[in-house]
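Peer 1: Dropping a structure here in structure tokens format, bear with me for questions.
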Amino acid sequence: MGRENSSHRCSHNFVRNKVADAVKAAVSLGYRHIDTAQAYGNERGVGEGVRTCGIPREDLFVVSKVAAEHKTYEEAKTGIDETLNKMGLDYLDMMIIHSPQPWVEVNQSEDRYVEGNRAAWRALEDAYKEGKLKVIGVSNFQIGDLESLMETAEIKPMVNQILLHISNTPVELVEYCRKNGIAVEAYSPIAHGEILHQPDIAAMAEKYGVSVPQLCIRYTLQLGAISLPKTGNPEHMKSNAEVDFEISAEDMETLKAFRKIDNYGASSGFPVYGGKL
């Protein structure tokens with residue numbers, strides 16, 4: 001029993017250290033926006049990286065997400081406090097509701113959890129008023145989800161983090177957020193790597209003298225979104241930040257209309273990519 005517990009602790013420490021090292025590598029390359037979530041199981045490591053990276057806390061923008069399953073005020077409130085405790089931070093720059101539905105019901109249920117999201121939102125509003133959170137928002141919310149939330153919200157959602165990339169551009173949702181002053185964050189801007197297998201996209205990237213990931217990131221930026229590429233590779237971190245070029249208006253229209261990719265490969269089972277748990 002003792003050996004098993006020791007092994008378990010070592011495993012957790014290894015993962016935590018690996019996550020902390022990735023955060024420190026990103027920060028050393030100039031990244032200042034650090035994104036995690038209760039569901040990722042790495043908040044402790046991210047917090048350690050933030051605390052030990054050598055950059056003043058106020059110069060970093062640290063984000064986490066309320067678990068999609070937390071649909072009561074108490075669950076959300078407790079979760080927010082647990083996140084701060086795990087990360088060893090006095091405040092987060094932003095916290096968002098991870099999904100309008102619990103993950104087991106995404107793509108499976110018509111229930112949009114209107115009251116549950118309103119309850120979780122009240123917990124975010126209270127934490128915001130207490131200074132624990134600087135920005136509050138949502139993720140994976142469709143127009144109807146946003147409208148029902150704003151009917152009772154005291155504070156309007158400040159951001160909506162959505163799946164947005166070449167071959168998946170929800171134009172109406174992006175425009176709705178823009179009109180309502182809700183910032184859009186694009187997660188998986190490189191389609192979880194699957195866009196790398198599209199010859200047409202590779203040809204366009206070559207035309208601009210950039211890599212496919214750089215073209216993908218630039219695309220989301222020109223849509224007015226904040227781009228959130230995910231990588232633990234320092235070389236990729238470096239190249240992902242080198243997007244000082246402009247995609248022509250004509251090519252932007254081509255990319256907006258690009259056919260949907262068939263699937264997300266090994267990640268297809270994740271609900272946010274259309275799969276089932």
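Residues in the structure tokens are named by chain (A, B, ... in the order shown) and by number from 1 within that chain; ligands are numbered from 1 in the order shown.
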With a cut-off of 8 Å, could you pull out the residues of region 70-118 of chain A touching region 35-44 of chain A and give me the nearest pair of atoms for each, distance in Å to one decimal, using only C-alpha atoms, ordered by chain and ascending number, as a Markdown table?
Peer 2:
| residue | atom | partner | partner_atom | distance |
| --- | --- | --- | --- | --- |
| A:Thr83 | CA | A:Glu43 | CA | 7.0 |
| A:Lys86 | CA | A:Arg44 | CA | 5.1 |
| A:Met87 | CA | A:Arg44 | CA | 4.8 |
| A:Gly88 | CA | A:Arg44 | CA | 7.8 |
| A:His98 | CA | A:Ala37 | CA | 7.8 |
Peer 1: Need to verify the contact set: Gly265 (chain A), 12 Å, only C-alpha atoms, exclusion of same-chain residues closer than 3 positions in sequence. Can you return it as a list in words?
Peer 2: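 The residues satisfying every condition are Ala191, His192, Gly193, Glu194, Ile195, Leu196, His197, Ile261, Asp262, Ser268, Gly269, Phe270, Tyr273, Gly274 and Gly275 of chain A.
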Peer 1: Near Lys132 (chain A), counting only C-alpha atoms, which residues have an atom at most 7 Å away, once you skip same-chain residues fewer than 4 positions from it, shown as a ChimeraX atom specification?
Peer 2: /A:90-92,127-128
Peer 1: Please measure the separation of CA of Ser139 (chain A) and CA of Asn160 (chain A), giving the value in Å to one decimal.
Peer 2: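 Answer for the CA of Ser139 (chain A) to CA of Asn160 (chain A) separation: 5.0 Å.
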Peer 1: Excluding Gly49 (chain A) and its own-chain neighbours fewer than 6 positions away, which residues fall within 7 Å of it when counting only C-alpha atoms? Please give them as a PyMOL selection string.
Peer 2: chain A and resi 20-21+23-24
Peer 1: Using only C-alpha atoms, determine which residues lie at most 12 Å from Ile166 (chain A), disregarding the query and same-chain residues fewer than 5 positions distant; provide the list as an NGL selection string.
Peer 2: :A and (171 or 186-196 or 198 or 200-201 or 212-223 or 251-261)
Peer 1: Residues of the last selection are to be written out with C-alpha atoms, as a PDB file, in the first residue's frame.
Peer 2:
ATOM      1  CA  VAL A 171     -20.157  33.104 -38.654  1.00  0.00           C
ATOM      2  CA  ALA A 186     -10.869  30.462 -30.716  1.00  0.00           C
ATOM      3  CA  TYR A 187      -9.747  27.165 -29.228  1.00  0.00           C
ATOM      4  CA  SER A 188      -8.278  24.437 -31.454  1.00  0.00           C
ATOM      5  CA  PRO A 189      -7.464  26.975 -34.212  1.00  0.00           C
ATOM      6  CA  ILE A 190      -5.469  24.219 -35.966  1.00  0.00           C
ATOM      7  CA  ALA A 191      -8.433  21.797 -35.750  1.00  0.00           C
ATOM      8  CA  HIS A 192      -6.553  19.600 -33.282  1.00  0.00           C
ATOM      9  CA  GLY A 193      -3.925  19.063 -35.981  1.00  0.00           C
ATOM     10  CA  GLU A 194      -6.313  17.566 -38.528  1.00  0.00           C
ATOM     11  CA  ILE A 195      -6.171  20.619 -40.801  1.00  0.00           C
ATOM     12  CA  LEU A 196      -2.519  19.726 -41.450  1.00  0.00           C
ATOM     13  CA  GLN A 198      -5.599  19.259 -46.127  1.00  0.00           C
ATOM     14  CA  ASP A 200      -5.567  22.981 -50.287  1.00  0.00           C
ATOM     15  CA  ILE A 201      -4.682  24.609 -46.970  1.00  0.00           C
ATOM     16  CA  VAL A 212      -0.210  25.664 -41.950  1.00  0.00           C
ATOM     17  CA  PRO A 213      -0.508  26.366 -38.190  1.00  0.00           C
ATOM     18  CA  GLN A 214       0.582  29.975 -38.780  1.00  0.00           C
ATOM     19  CA  LEU A 215      -2.060  30.371 -41.523  1.00  0.00           C
ATOM     20  CA  CYS A 216      -4.711  28.862 -39.217  1.00  0.00           C
ATOM     21  CA  ILE A 217      -3.836  31.138 -36.311  1.00  0.00           C
ATOM     22  CA  ARG A 218      -3.739  34.215 -38.535  1.00  0.00           C
ATOM     23  CA  TYR A 219      -7.167  33.277 -39.911  1.00  0.00           C
ATOM     24  CA  THR A 220      -8.784  33.341 -36.480  1.00  0.00           C
ATOM     25  CA  LEU A 221      -7.041  36.611 -35.608  1.00  0.00           C
ATOM     26  CA  GLN A 222      -8.399  38.267 -38.762  1.00  0.00           C
ATOM     27  CA  LEU A 223     -11.886  37.124 -37.779  1.00  0.00           C
ATOM     28  CA  ASP A 251      -8.543  34.134 -49.418  1.00  0.00           C
ATOM     29  CA  MET A 252     -10.359  34.818 -46.132  1.00  0.00           C
ATOM     30  CA  GLU A 253     -13.679  34.152 -47.918  1.00  0.00           C
ATOM     31  CA  THR A 254     -12.270  30.935 -49.378  1.00  0.00           C
ATOM     32  CA  LEU A 255     -11.181  29.797 -45.924  1.00  0.00           C
ATOM     33  CA  LYS A 256     -14.524  30.718 -44.337  1.00  0.00           C
ATOM     34  CA  ALA A 257     -16.291  28.507 -46.875  1.00  0.00           C
ATOM     35  CA  PHE A 258     -13.760  25.649 -46.693  1.00  0.00           C
ATOM     36  CA  ARG A 259     -15.478  22.256 -46.498  1.00  0.00           C
ATOM     37  CA  LYS A 260     -15.872  20.623 -43.119  1.00  0.00           C
ATOM     38  CA  ILE A 261     -13.117  18.123 -42.369  1.00  0.00           C
TER      39      ILE A 261
END
Peer 1: Which of region 55-226 of chain A counts as alpha helix (DSSP H) under DSSP, as an MDAnalysis selection string please?
Peer 2: chainID A and resid 73:87 114:129 143:152 171:179 199:208 212:222
Peer 1: Measure the distance from CA of Pro100 (chain A) to CA of Gly47 (chain A) in Å and round it to one decimal.
Peer 2: 25.7 Å
Peer 1: From region 69-103 of chain A, collect each residue whose DSSP state is strand (DSSP E) and return the set as a VMD selection string.
Peer 2: chain A and resid 92 to 97
Peer 1: Given only C-alpha atoms as the basis, pick out the residue of A:Lys179, A:Lys71, A:His33, A:Lys207 nearest to Ile97 (chain A).
Peer 2: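 The shortest atom-to-atom distance to Ile97 (chain A) comes from A:Lys71.
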Peer 1: Please indicate the distance in Å from CA of Pro271 (chain A) to CA of Val104 (chain A), rounded to one decimal place.
Peer 2: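 Taking CA of Pro271 (chain A) as the start and CA of Val104 (chain A) as the end point, the length is 7.9 Å.
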